[in-house]
$ cat coords_18.tsv   # TSV, C-alpha atoms
chain	number	residue	atom	x	y	z
A	235	MET	CA	0.00	0.00	0.00
A	236	THR	CA	2.76	2.41	1.00
A	237	GLU	CA	4.66	1.70	-2.23
A	238	ILE	CA	1.60	2.22	-4.43
A	239	ILE	CA	0.62	5.53	-2.83
A	240	LEU	CA	4.17	6.89	-2.85
A	241	ALA	CA	4.64	5.92	-6.49
A	242	LEU	CA	1.65	8.15	-7.32
A	243	ALA	CA	3.06	11.14	-5.42
A	244	ALA	CA	5.13	12.51	-8.30
A	245	ASP	CA	2.23	12.31	-10.76
A	246	TYR	CA	-0.68	13.45	-8.60
A	247	GLY	CA	1.07	15.59	-5.97
A	248	VAL	CA	-1.29	17.85	-4.07
A	249	PRO	CA	-4.69	16.25	-4.85
A	250	LEU	CA	-3.30	12.86	-3.83
A	251	LEU	CA	-2.16	14.28	-0.51
A	252	PHE	CA	-5.64	15.67	0.14
A	253	CYS	CA	-7.27	12.28	-0.53
A	254	VAL	CA	-4.76	10.38	1.59
A	255	THR	CA	-5.02	12.56	4.69
A	256	PHE	CA	-8.81	12.45	4.32
A	257	LEU	CA	-8.88	8.65	4.18
A	258	SER	CA	-6.37	8.25	7.00
A	259	CYS	CA	-8.70	10.17	9.33
A	260	LEU	CA	-11.34	7.51	8.67
A	261	ALA	CA	-8.93	4.80	9.91
A	262	LEU	CA	-8.08	3.52	6.43
A	263	PRO	CA	-4.54	2.14	6.23
A	264	VAL	CA	-2.94	4.75	3.98
A	265	PRO	CA	0.58	6.13	4.62
A	266	SER	CA	-0.45	9.70	5.40
A	267	SER	CA	2.55	10.69	7.52
A	268	LEU	CA	5.05	9.34	4.99
A	269	LEU	CA	3.25	11.11	2.13
A	270	MET	CA	3.24	14.40	4.08
A	271	LEU	CA	6.98	14.04	4.67
A	272	ALA	CA	7.64	13.22	1.01
A	273	SER	CA	5.45	16.10	-0.20
A	274	GLY	CA	7.32	18.44	2.14
A	275	GLY	CA	10.53	17.10	0.61
A	276	PHE	CA	9.21	17.67	-2.92
A	277	ALA	CA	8.32	21.23	-1.90
A	278	ALA	CA	11.88	21.80	-0.69
A	279	ALA	CA	13.21	20.47	-4.01
A	280	GLY	CA	10.90	22.80	-5.94
A	281	ASP	CA	8.63	20.10	-7.34
A	282	LEU	CA	5.54	21.17	-5.36
A	283	SER	CA	4.39	24.41	-3.75
A	284	LEU	CA	4.72	24.42	0.03
A	285	PRO	CA	1.51	26.40	0.78
A	286	ALA	CA	-0.46	24.09	-1.52
A	287	VAL	CA	0.95	21.02	0.20
A	288	ALA	CA	0.15	22.36	3.67
A	289	ALA	CA	-3.35	23.47	2.67
A	290	ALA	CA	-4.21	20.16	1.00
A	291	ALA	CA	-3.00	18.07	3.94
A	292	PHE	CA	-4.80	20.30	6.43
A	293	CYS	CA	-8.12	20.39	4.54
A	294	GLY	CA	-8.04	16.64	3.94
A	295	ALA	CA	-7.40	15.96	7.62
A	296	VAL	CA	-10.06	18.34	8.95
A	297	ILE	CA	-12.73	17.18	6.51
A	298	GLY	CA	-11.79	13.56	7.26
A	299	ASP	CA	-12.04	14.09	11.03
A	300	ASN	CA	-15.47	15.63	10.73
A	301	ALA	CA	-16.69	12.99	8.29
A	302	GLY	CA	-15.65	10.30	10.79
A	303	TYR	CA	-17.40	12.17	13.60
A	304	TRP	CA	-20.70	12.49	11.73
A	305	ILE	CA	-20.68	8.92	10.46
A	306	ALA	CA	-20.25	7.67	14.03
A	307	ARG	CA	-22.82	10.10	15.39
A	308	HIS	CA	-25.50	8.96	12.94
A	309	LEU	CA	-24.60	5.37	13.68
A	310	GLY	CA	-24.79	6.10	17.41
A	311	ASP	CA	-28.28	7.53	17.06
A	312	ARG	CA	-29.42	4.43	15.24
A	313	LEU	CA	-27.78	2.19	17.81
A	314	GLY	CA	-29.44	4.15	20.65
A	315	ASP	CA	-32.06	1.50	21.42
A	316	TRP	CA	-29.55	-1.33	21.10
A	317	LEU	CA	-27.22	0.39	23.56
A	318	ALA	CA	-30.00	1.14	26.03
A	319	ALA	CA	-31.38	-2.40	25.93
A	320	LYS	CA	-28.74	-3.90	28.24
A	321	PRO	CA	-27.66	-2.14	31.44
A	322	LYS	CA	-24.03	-3.03	30.85
A	323	ARG	CA	-23.98	-1.43	27.40
A	324	ALA	CA	-25.83	1.62	28.64
A	325	ALA	CA	-23.35	2.01	31.49
A	326	LEU	CA	-20.44	1.82	29.05
A	327	ARG	CA	-22.05	4.50	26.92
A	328	ASP	CA	-22.73	6.74	29.92
A	329	LYS	CA	-19.18	6.30	31.13
A	330	SER	CA	-17.66	7.24	27.78
A	331	GLU	CA	-19.99	10.24	27.58
A	332	ALA	CA	-18.87	11.38	31.03
A	333	PHE	CA	-15.23	10.90	30.07
A	334	MET	CA	-15.66	12.87	26.87
A	335	HIS	CA	-17.46	15.66	28.69
A	336	LYS	CA	-14.52	16.02	31.06
A	337	TRP	CA	-11.52	15.23	28.84
A	338	GLY	CA	-12.95	15.40	25.31
A	339	GLY	CA	-11.26	18.59	24.12
A	340	SER	CA	-7.71	17.70	25.04
A	341	SER	CA	-8.22	14.07	23.96
A	342	VAL	CA	-9.26	15.18	20.50
A	343	PHE	CA	-6.37	17.64	20.29
A	344	PHE	CA	-3.63	15.19	21.27
A	345	SER	CA	-5.10	12.29	19.28
A	346	CYS	CA	-4.63	14.38	16.14
A	347	TRP	CA	-0.86	14.48	16.39
A	348	LEU	CA	0.85	13.22	19.55
A	349	VAL	CA	-0.87	9.84	19.54
A	350	ALA	CA	-1.80	10.06	15.86
A	351	PRO	CA	-2.28	6.29	15.38
A	352	LEU	CA	-5.31	6.59	17.70
A	353	GLY	CA	-6.70	9.70	15.99
A	354	PRO	CA	-9.28	8.12	13.66
A	355	TYR	CA	-10.75	6.05	16.48
A	356	MET	CA	-11.03	9.16	18.64
A	357	ASN	CA	-13.17	10.71	15.87
A	358	TYR	CA	-15.50	7.72	15.98
A	359	VAL	CA	-15.67	7.70	19.80
A	360	SER	CA	-16.44	11.42	19.78
A	361	GLY	CA	-19.32	10.91	17.37
A	362	LEU	CA	-20.67	7.83	19.12
A	363	SER	CA	-20.67	9.54	22.51
A	364	ARG	CA	-22.39	12.61	21.03
A	365	PHE	CA	-19.55	14.90	22.09
A	366	SER	CA	-20.31	18.56	21.36
A	367	TRP	CA	-19.54	19.12	17.69
A	368	PRO	CA	-18.23	22.74	17.95
A	369	ARG	CA	-15.76	21.64	20.63
A	370	PHE	CA	-14.73	18.62	18.57
A	371	ALA	CA	-14.25	20.70	15.42
A	372	LEU	CA	-12.30	23.45	17.18
A	373	TRP	CA	-9.89	21.13	18.99
A	374	GLY	CA	-9.59	19.03	15.87
A	375	VAL	CA	-8.56	22.03	13.76
A	376	ALA	CA	-5.96	23.01	16.38
A	377	GLY	CA	-4.60	19.46	16.48
A	378	GLU	CA	-4.42	19.12	12.70
A	379	ILE	CA	-2.50	22.40	12.43
A	380	VAL	CA	0.14	20.84	14.67
A	381	TRP	CA	0.07	17.48	12.84
A	382	VAL	CA	0.34	18.94	9.34
A	383	GLY	CA	2.83	21.60	10.43
A	384	LEU	CA	5.00	18.99	12.11
A	385	TYR	CA	5.13	16.46	9.27
A	386	VAL	CA	5.20	18.80	6.29
A	387	GLY	CA	7.67	21.03	8.14
A	388	LEU	CA	9.95	18.10	8.97
A	389	GLY	CA	9.73	16.85	5.38
A	390	TYR	CA	10.64	20.31	4.12
A	391	SER	CA	13.50	20.87	6.58
A	392	PHE	CA	14.98	17.38	6.40
A	393	ALA	CA	14.35	16.85	2.70
A	394	ASP	CA	17.77	15.29	2.23
A	395	ASN	CA	16.72	12.24	4.19
A	396	ILE	CA	12.97	11.53	4.27
A	397	THR	CA	13.65	7.83	4.74
A	398	ALA	CA	15.45	8.43	8.02
A	399	ILE	CA	12.84	10.84	9.37
A	400	SER	CA	9.92	8.62	8.44
A	401	ASP	CA	11.50	5.52	9.97
A	402	LEU	CA	12.22	7.39	13.16
A	403	LEU	CA	8.82	9.10	13.40
A	404	GLY	CA	6.94	5.90	12.61
A	405	ASN	CA	8.55	4.05	15.51
A	406	LEU	CA	8.40	7.05	17.81
A	407	SER	CA	4.68	7.57	17.27
A	408	GLY	CA	4.09	3.85	17.77
A	409	PHE	CA	6.00	4.07	21.04
A	410	ILE	CA	4.03	7.11	22.23
A	411	ALA	CA	0.65	5.61	21.26
A	412	ALA	CA	1.39	2.24	22.90
A	413	GLY	CA	2.78	4.02	25.96
A	414	ALA	CA	-0.33	6.18	26.30
A	415	VAL	CA	-2.63	3.16	26.05
A	416	ALA	CA	-0.48	1.28	28.61
A	417	ILE	CA	-0.65	4.18	31.08
A	418	GLY	CA	-4.42	4.49	30.66
A	419	LEU	CA	-4.98	0.74	31.08
A	420	GLY	CA	-2.61	0.64	34.06
A	421	ILE	CA	-4.45	3.40	35.89
A	422	TRP	CA	-7.75	1.70	35.21
A	423	LEU	CA	-6.48	-1.67	36.45
A	424	VAL	CA	-5.07	-0.26	39.70
A	425	ARG	CA	-8.32	1.58	40.35
A	426	ALA	CA	-10.41	-1.51	39.70
A	427	SER	CA	-8.28	-3.54	42.08
A	428	LYS	CA	-8.37	-0.90	44.81
A	429	GLU	CA	-12.11	-0.60	44.54
A	430	ARG	CA	-12.50	-4.35	44.91
A	431	ASN	CA	-10.28	-4.28	47.99
A	432	ARG	CA	-12.40	-1.64	49.62
A	433	LYS	CA	-15.62	-3.50	48.89
A	434	SER	CA	-14.40	-6.86	50.13
A	435	ASP	CA	-12.66	-5.53	53.22
A	436	PRO	CA	-14.07	-2.18	54.39
A	437	ALA	CA	-11.84	-2.19	57.50
A	438	GLN	CA	-8.73	-2.03	55.34
A	439	ALA	CA	-9.99	0.90	53.33
A	440	VAL	CA	-7.97	4.04	53.84
B	145	MET	CA	2.28	-5.04	44.66
B	146	TRP	CA	2.31	-8.79	44.10
B	147	HIS	CA	-1.09	-9.35	45.72
B	148	ARG	CA	-2.52	-6.67	43.44
B	149	VAL	CA	-1.20	-8.44	40.34
B	150	LYS	CA	-2.70	-11.69	41.63
B	151	ASP	CA	-6.00	-9.99	42.32
B	152	LEU	CA	-6.05	-8.52	38.81
B	153	TRP	CA	-5.13	-11.85	37.29
B	154	GLN	CA	-8.17	-13.34	38.98
B	155	HIS	CA	-10.66	-10.62	38.18
B	156	ASN	CA	-9.44	-8.67	35.15
B	157	ARG	CA	-7.41	-11.27	33.31
B	158	MET	CA	-8.15	-9.97	29.81
B	159	ALA	CA	-7.38	-6.37	30.72
B	160	LEU	CA	-4.17	-7.38	32.47
B	161	MET	CA	-3.03	-9.37	29.46
B	162	ALA	CA	-3.89	-6.47	27.17
B	163	PHE	CA	-1.83	-4.22	29.47
B	164	MET	CA	1.17	-6.55	29.20
B	165	ALA	CA	0.80	-6.75	25.43
B	166	VAL	CA	0.67	-2.97	25.03
B	167	LEU	CA	3.66	-2.61	27.34
B	168	CYS	CA	5.65	-5.04	25.16
B	169	LEU	CA	4.57	-3.10	22.07
B	170	ALA	CA	5.78	0.17	23.61
B	171	GLY	CA	9.11	-1.47	24.45
B	172	PHE	CA	9.42	-2.83	20.91
B	173	PHE	CA	8.82	0.58	19.31
B	174	GLY	CA	11.04	2.27	21.89
B	175	PHE	CA	13.99	0.01	21.11
B	176	LYS	CA	13.45	0.39	17.39
B	177	SER	CA	13.38	4.19	17.68
B	178	VAL	CA	16.68	4.21	19.56
B	179	GLY	CA	18.21	1.78	17.06
B	180	GLN	CA	17.11	3.86	14.11
B	181	PHE	CA	18.38	7.03	15.72
B	182	ILE	CA	21.82	5.44	16.11
B	183	TYR	CA	21.74	4.06	12.56
B	184	TRP	CA	20.85	7.35	10.92
B	185	SER	CA	23.28	9.33	13.06
B	186	ASP	CA	26.08	7.58	11.18
B	187	PRO	CA	27.09	9.93	8.32
B	188	GLN	CA	27.83	6.89	6.14
B	189	HIS	CA	24.09	6.21	5.96
B	190	LEU	CA	23.09	9.71	4.96
B	191	ASP	CA	22.86	9.26	1.18
B	192	GLN	CA	19.41	7.84	0.56
B	193	THR	CA	19.21	4.87	-1.76
B	194	LEU	CA	17.06	5.78	-4.77
B	195	ALA	CA	13.41	4.79	-4.55
B	196	GLY	CA	10.78	4.71	-7.27
B	197	TRP	CA	8.74	7.53	-5.76
B	198	MET	CA	11.53	10.10	-5.87
B	199	THR	CA	11.79	12.81	-8.54
B	200	PRO	CA	15.11	13.85	-10.14
B	201	ARG	CA	15.05	17.16	-8.33
B	202	TYR	CA	14.31	15.43	-5.06
B	203	VAL	CA	17.33	13.17	-5.62
B	204	ALA	CA	19.48	16.28	-6.14
B	205	GLN	CA	18.12	17.71	-2.91
B	206	SER	CA	18.85	14.47	-1.09
B	207	TYR	CA	22.45	14.20	-2.32
B	208	LEU	CA	23.02	17.94	-1.83
B	209	VAL	CA	24.03	18.57	-5.43
B	210	PRO	CA	22.58	21.11	-7.92
B	211	PRO	CA	19.56	19.71	-9.84
B	212	GLU	CA	21.48	19.94	-13.14
B	213	VAL	CA	23.91	17.26	-11.98
B	214	ILE	CA	21.14	14.71	-11.66
B	215	GLN	CA	19.34	15.92	-14.81
B	216	GLU	CA	22.52	15.37	-16.77
B	217	ALA	CA	23.07	11.96	-15.23
B	218	PHE	CA	19.56	10.95	-16.35
B	219	ASP	CA	19.94	12.55	-19.83
B	220	LEU	CA	17.05	14.89	-19.09
B	221	ASP	CA	16.77	18.08	-21.07
B	222	PRO	CA	17.36	20.85	-18.52
B	223	ASN	CA	15.38	23.25	-20.72
B	224	ALA	CA	12.32	21.06	-20.91
B	225	LEU	CA	9.32	22.15	-18.86
B	226	PRO	CA	9.99	21.55	-15.19
B	227	ARG	CA	8.07	18.32	-15.09
B	228	ARG	CA	7.65	16.12	-12.05
B	229	ILE	CA	8.45	12.57	-12.97
B	230	SER	CA	8.95	9.63	-10.66
B	231	LEU	CA	12.09	7.53	-11.03
B	232	ASP	CA	9.83	4.51	-11.57
B	233	ARG	CA	8.38	6.10	-14.67
B	234	LEU	CA	11.70	7.52	-15.81
B	235	ALA	CA	13.22	4.06	-15.56
B	236	SER	CA	10.44	2.33	-17.48
B	237	GLU	CA	10.29	5.04	-20.19
B	238	ASN	CA	14.03	4.59	-20.81
B	239	GLY	CA	14.12	0.83	-20.34
B	240	LEU	CA	16.44	1.14	-17.37
B	241	SER	CA	16.38	-0.41	-13.94
B	242	LEU	CA	16.48	1.52	-10.68
B	243	ASP	CA	19.90	0.03	-10.03
B	244	ALA	CA	21.17	1.48	-13.31
B	245	LEU	CA	19.86	4.90	-12.28
B	246	GLN	CA	21.55	4.48	-8.92
B	247	ALA	CA	24.87	3.73	-10.63
B	248	ARG	CA	24.53	6.89	-12.74
B	249	VAL	CA	23.69	8.99	-9.69
B	250	ASP	CA	26.61	7.57	-7.71
B	251	ALA	CA	29.03	8.31	-10.55
B	252	ALA	CA	27.71	11.84	-11.21
B	253	VAL	CA	27.62	12.73	-7.52
B	254	ALA	CA	31.15	11.40	-6.97
B	255	ASP	CA	32.40	13.50	-9.93
B	256	TRP	CA	30.63	16.59	-8.68
B	257	ARG	CA	31.90	16.16	-5.13
B	258	ALA	CA	35.45	15.71	-6.43
B	259	ALA	CA	35.14	18.93	-8.41
B	260	ASN	CA	33.48	20.82	-5.57
B	261	PRO	CA	35.15	19.76	-2.34
B	262	ARG	CA	32.96	20.80	0.63
B	263	PRO	CA	30.35	23.38	-0.31
B	264	SER	CA	31.49	26.80	0.88
B	265	GLN	CA	29.35	27.85	3.80

$ encode --input "coords_18.tsv" --output "structure tokens"
Amino acid sequence: MTEIILALAADYGVPLLFCVTFLSCLALPVPSSLLMLASGGFAAAGDLSLPAVAAAAFCGAVIGDNAGYWIARHLGDRLGDWLAAKPKRAALRDKSEAFMHKWGGSSVFFSCWLVAPLGPYMNYVSGLSRFSWPRFALWGVAGEIVWVGLYVGLGYSFADNITAISDLLGNLSGFIAAGAVAIGLGIWLVRASKERNRKSDPAQAV
Amino acid sequence: MWHRVKDLWQHNRMALMAFMAVLCLAGFFGFKSVGQFIYWSDPQHLDQTLAGWMTPRYVAQSYLVPPEVIQEAFDLDPNALPRRISLDRLASENGLSLDALQARVDAAVADWRAANPRPSQ
């Protein structure tokens, strides 16, 4: 997939970049970060225009984020009865809504760039939990500015070795995403265990 | 600490296993990042091997030589419209392999570097 998309970069340049960032925000497995780096490199070499590259990547990402959000939101409305039918499902939905209400903005922002591999799923969770759309859109735009600026900027500045940058960033973002999930799961596990302790042995509770 | 792990193993086995798996994944990517950083810090690895997606001008950028050096090496007309063309297409249009292009680039870049020792800052 990576090879095919990259091979098209020289021929289709800016429009291709728009399509790829759009699709990547819907969780499709397209090499958006590598293409942004390569397009930034092409811009540095004079084969593409830098503002056009940045604008295409940014518009594709923002439109993709919002498309993912609305798809999930419509799906969530349809699934409303199914979710409410079982108390366990309803509780899960209420919990994720409460989480999004409290942490939604920053979660959307950081999922756009710092933990980018989780970004598309964050869009779907936001839509499913009926997170406020203006907040989602605003934080999403801010996050995508950072994401696009970071990758296109790195591609432009380090044009002499895109391969090195993309290898490094790919592993680094995998590390950060896995680390973030591990921390979240760890906190949840410790809390669950503590709560059980307190319930089973109230005397020991501190 | 240990009793907590045991407790979790009894009650949240799936979540605990998922936690371990994600932790291993983070370690894997962490080690790879460090390894790659060390690899690419070596100046010997700085010249990128040609890839099909690159354009002639991008190759020039990558090897830090003027675009004309690469255009000449590929027999491209420097006065032709500035056209983006991928090396894949360039190779197939001229019946060459990527390795052949690489050999031409290596030779042209070596010549240029011999004639222009260290770009003046």

$ closest_atom_pairs --input "coords_18.tsv" --of "chain B" --to "chain A" --cutoff "8 Å" --atoms "all atoms listed in the file" --output "JSON lines"
{"residue": "B:Arg148", "atom": "CA", "partner": "A:Ser427", "partner_atom": "CA", "distance": 6.7}
{"residue": "B:Asp151", "atom": "CA", "partner": "A:Ser427", "partner_atom": "CA", "distance": 6.8}
{"residue": "B:Leu152", "atom": "CA", "partner": "A:Ser427", "partner_atom": "CA", "distance": 6.4}
{"residue": "B:Asn156", "atom": "CA", "partner": "A:Leu423", "partner_atom": "CA", "distance": 7.7}
{"residue": "B:Ala159", "atom": "CA", "partner": "A:Leu423", "partner_atom": "CA", "distance": 7.5}
{"residue": "B:Leu160", "atom": "CA", "partner": "A:Leu423", "partner_atom": "CA", "distance": 7.3}
{"residue": "B:Phe163", "atom": "CA", "partner": "A:Ala416", "partner_atom": "CA", "distance": 5.7}
{"residue": "B:Val166", "atom": "CA", "partner": "A:Ala412", "partner_atom": "CA", "distance": 5.7}
{"residue": "B:Leu167", "atom": "CA", "partner": "A:Ala416", "partner_atom": "CA", "distance": 5.8}
{"residue": "B:Leu169", "atom": "CA", "partner": "A:Ala412", "partner_atom": "CA", "distance": 6.3}
{"residue": "B:Ala170", "atom": "CA", "partner": "A:Phe409", "partner_atom": "CA", "distance": 4.7}
{"residue": "B:Gly171", "atom": "CA", "partner": "A:Phe409", "partner_atom": "CA", "distance": 7.2}
{"residue": "B:Phe172", "atom": "CA", "partner": "A:Phe409", "partner_atom": "CA", "distance": 7.7}
{"residue": "B:Phe173", "atom": "CA", "partner": "A:Phe409", "partner_atom": "CA", "distance": 4.8}
{"residue": "B:Gly174", "atom": "CA", "partner": "A:Phe409", "partner_atom": "CA", "distance": 5.4}
{"residue": "B:Lys176", "atom": "CA", "partner": "A:Asn405", "partner_atom": "CA", "distance": 6.4}
{"residue": "B:Ser177", "atom": "CA", "partner": "A:Asn405", "partner_atom": "CA", "distance": 5.3}
{"residue": "B:Gln180", "atom": "CA", "partner": "A:Leu402", "partner_atom": "CA", "distance": 6.1}
{"residue": "B:Phe181", "atom": "CA", "partner": "A:Leu402", "partner_atom": "CA", "distance": 6.7}
{"residue": "B:Trp184", "atom": "CA", "partner": "A:Ala398", "partner_atom": "CA", "distance": 6.2}
{"residue": "B:Leu190", "atom": "CA", "partner": "A:Asn395", "partner_atom": "CA", "distance": 6.9}
{"residue": "B:Asp191", "atom": "CA", "partner": "A:Asn395", "partner_atom": "CA", "distance": 7.5}
{"residue": "B:Gln192", "atom": "CA", "partner": "A:Asn395", "partner_atom": "CA", "distance": 6.3}
{"residue": "B:Gly196", "atom": "CA", "partner": "A:Ala241", "partner_atom": "CA", "distance": 6.3}
{"residue": "B:Trp197", "atom": "CA", "partner": "A:Ala241", "partner_atom": "CA", "distance": 4.5}
{"residue": "B:Met198", "atom": "CA", "partner": "A:Ala244", "partner_atom": "CA", "distance": 7.3}
{"residue": "B:Thr199", "atom": "CA", "partner": "A:Ala244", "partner_atom": "CA", "distance": 6.7}
{"residue": "B:Arg201", "atom": "CA", "partner": "A:Ala279", "partner_atom": "CA", "distance": 5.7}
{"residue": "B:Tyr202", "atom": "CA", "partner": "A:Ala279", "partner_atom": "CA", "distance": 5.3}
{"residue": "B:Ala204", "atom": "CA", "partner": "A:Ala279", "partner_atom": "CA", "distance": 7.8}
{"residue": "B:Gln205", "atom": "CA", "partner": "A:Asp394", "partner_atom": "CA", "distance": 5.7}
{"residue": "B:Ser206", "atom": "CA", "partner": "A:Asp394", "partner_atom": "CA", "distance": 3.6}
{"residue": "B:Tyr207", "atom": "CA", "partner": "A:Asp394", "partner_atom": "CA", "distance": 6.6}
{"residue": "B:Leu208", "atom": "CA", "partner": "A:Asp394", "partner_atom": "CA", "distance": 7.1}
{"residue": "B:Arg227", "atom": "CA", "partner": "A:Asp281", "partner_atom": "CA", "distance": 8.0}
{"residue": "B:Arg228", "atom": "CA", "partner": "A:Ala244", "partner_atom": "CA", "distance": 5.8}
{"residue": "B:Ile229", "atom": "CA", "partner": "A:Ala244", "partner_atom": "CA", "distance": 5.7}
{"residue": "B:Ser230", "atom": "CA", "partner": "A:Ala244", "partner_atom": "CA", "distance": 5.3}
{"residue": "B:Asp232", "atom": "CA", "partner": "A:Ala241", "partner_atom": "CA", "distance": 7.4}

$ write_last_selection --input "coords_18.tsv" --atoms "C-alpha atoms" --output "PDB file, in the frame of the given file"
ATOM      1  CA  ARG B 148      -2.520  -6.670  43.440  1.00  0.00           C
ATOM      2  CA  ASP B 151      -6.000  -9.990  42.320  1.00  0.00           C
ATOM      3  CA  LEU B 152      -6.050  -8.520  38.810  1.00  0.00           C
ATOM      4  CA  ASN B 156      -9.440  -8.670  35.150  1.00  0.00           C
ATOM      5  CA  ALA B 159      -7.380  -6.370  30.720  1.00  0.00           C
ATOM      6  CA  LEU B 160      -4.170  -7.380  32.470  1.00  0.00           C
ATOM      7  CA  PHE B 163      -1.830  -4.220  29.470  1.00  0.00           C
ATOM      8  CA  VAL B 166       0.670  -2.970  25.030  1.00  0.00           C
ATOM      9  CA  LEU B 167       3.660  -2.610  27.340  1.00  0.00           C
ATOM     10  CA  LEU B 169       4.570  -3.100  22.070  1.00  0.00           C
ATOM     11  CA  ALA B 170       5.780   0.170  23.610  1.00  0.00           C
ATOM     12  CA  GLY B 171       9.110  -1.470  24.450  1.00  0.00           C
ATOM     13  CA  PHE B 172       9.420  -2.830  20.910  1.00  0.00           C
ATOM     14  CA  PHE B 173       8.820   0.580  19.310  1.00  0.00           C
ATOM     15  CA  GLY B 174      11.040   2.270  21.890  1.00  0.00           C
ATOM     16  CA  LYS B 176      13.450   0.390  17.390  1.00  0.00           C
ATOM     17  CA  SER B 177      13.380   4.190  17.680  1.00  0.00           C
ATOM     18  CA  GLN B 180      17.110   3.860  14.110  1.00  0.00           C
ATOM     19  CA  PHE B 181      18.380   7.030  15.720  1.00  0.00           C
ATOM     20  CA  TRP B 184      20.850   7.350  10.920  1.00  0.00           C
ATOM     21  CA  LEU B 190      23.090   9.710   4.960  1.00  0.00           C
ATOM     22  CA  ASP B 191      22.860   9.260   1.180  1.00  0.00           C
ATOM     23  CA  GLN B 192      19.410   7.840   0.560  1.00  0.00           C
ATOM     24  CA  GLY B 196      10.780   4.710  -7.270  1.00  0.00           C
ATOM     25  CA  TRP B 197       8.740   7.530  -5.760  1.00  0.00           C
ATOM     26  CA  MET B 198      11.530  10.100  -5.870  1.00  0.00           C
ATOM     27  CA  THR B 199      11.790  12.810  -8.540  1.00  0.00           C
ATOM     28  CA  ARG B 201      15.050  17.160  -8.330  1.00  0.00           C
ATOM     29  CA  TYR B 202      14.310  15.430  -5.060  1.00  0.00           C
ATOM     30  CA  ALA B 204      19.480  16.280  -6.140  1.00  0.00           C
ATOM     31  CA  GLN B 205      18.120  17.710  -2.910  1.00  0.00           C
ATOM     32  CA  SER B 206      18.850  14.470  -1.090  1.00  0.00           C
ATOM     33  CA  TYR B 207      22.450  14.200  -2.320  1.00  0.00           C
ATOM     34  CA  LEU B 208      23.020  17.940  -1.830  1.00  0.00           C
ATOM     35  CA  ARG B 227       8.070  18.320 -15.090  1.00  0.00           C
ATOM     36  CA  ARG B 228       7.650  16.120 -12.050  1.00  0.00           C
ATOM     37  CA  ILE B 229       8.450  12.570 -12.970  1.00  0.00           C
ATOM     38  CA  SER B 230       8.950   9.630 -10.660  1.00  0.00           C
ATOM     39  CA  ASP B 232       9.830   4.510 -11.570  1.00  0.00           C
TER      40      ASP B 232
END

$ residues_around --input "coords_18.tsv" --residues "range 363-380 of chain A" --least-positions-apart "5" --cutoff "6 Å" --atoms "all atoms listed in the file" --output "PDB file with C-alpha atoms, keeping the file's coordinate frame"
ATOM      1  CA  GLU A 331     -19.990  10.240  27.580  1.00  0.00           C
ATOM      2  CA  GLY A 339     -11.260  18.590  24.120  1.00  0.00           C
ATOM      3  CA  PHE A 343      -6.370  17.640  20.290  1.00  0.00           C
ATOM      4  CA  CYS A 346      -4.630  14.380  16.140  1.00  0.00           C
TER       5      CYS A 346
END

$ closest_residue --input "coords_18.tsv" --among "A:Gly361, A:Pro354, A:Pro249, A:Pro321" --to "Ala288 in chain A" --atoms "only C-alpha atoms"
A:Pro249

$ atom_distance --input "coords_18.tsv" --atom1 "CA of Ala324 in chain A" --atom2 "CA of Gly310 in chain A"
12.1 Å

$ residues_around --input "coords_18.tsv" --residues "Leu269 in chain A" --least-positions-apart "4" --cutoff "9 Å" --atoms "all atoms listed in the file" --output "list of chain:residue names"
A:Thr236, A:Ile239, A:Leu240, A:Ala243, A:Leu251, A:Val254, A:Thr255, A:Pro265, A:Ser273, A:Gly274, A:Val386

$ atom_distance --input "coords_18.tsv" --atom1 "CA of Leu352 in chain A" --atom2 "CA of Asp299 in chain A"
12.1 Å

$ atom_distance --input "coords_18.tsv" --atom1 "CA of Ser330 in chain A" --atom2 "CA of Gly294 in chain A"
27.4 Å

$ residues_near_point --input "coords_18.tsv" --point "(16.6, 9.7, -22.7)" --cutoff "10 Å" --atoms "all atoms listed in the file" --output "list of chain:residue names"
B:Phe218, B:Asp219, B:Leu220, B:Asp221, B:Leu234, B:Ala235, B:Glu237, B:Asn238, B:Gly239

$ closest_residue --input "coords_18.tsv" --among "A:Val287, A:Arg312, A:Val359, A:Ala319" --to "Phe333 in chain A" --atoms "all atoms listed in the file"
A:Val359

$ closest_residue --input "coords_18.tsv" --among "A:Arg307, A:Arg432, A:Lys320, A:Arg425" --to "Asn357 in chain A" --atoms "only C-alpha atoms"
A:Arg307

$ residues_around --input "coords_18.tsv" --residues "range 251-262 of chain B" --least-positions-apart "4" --cutoff "7 Å" --atoms "all atoms listed in the file" --output "VMD selection string"
chain B and resid 213 217 247
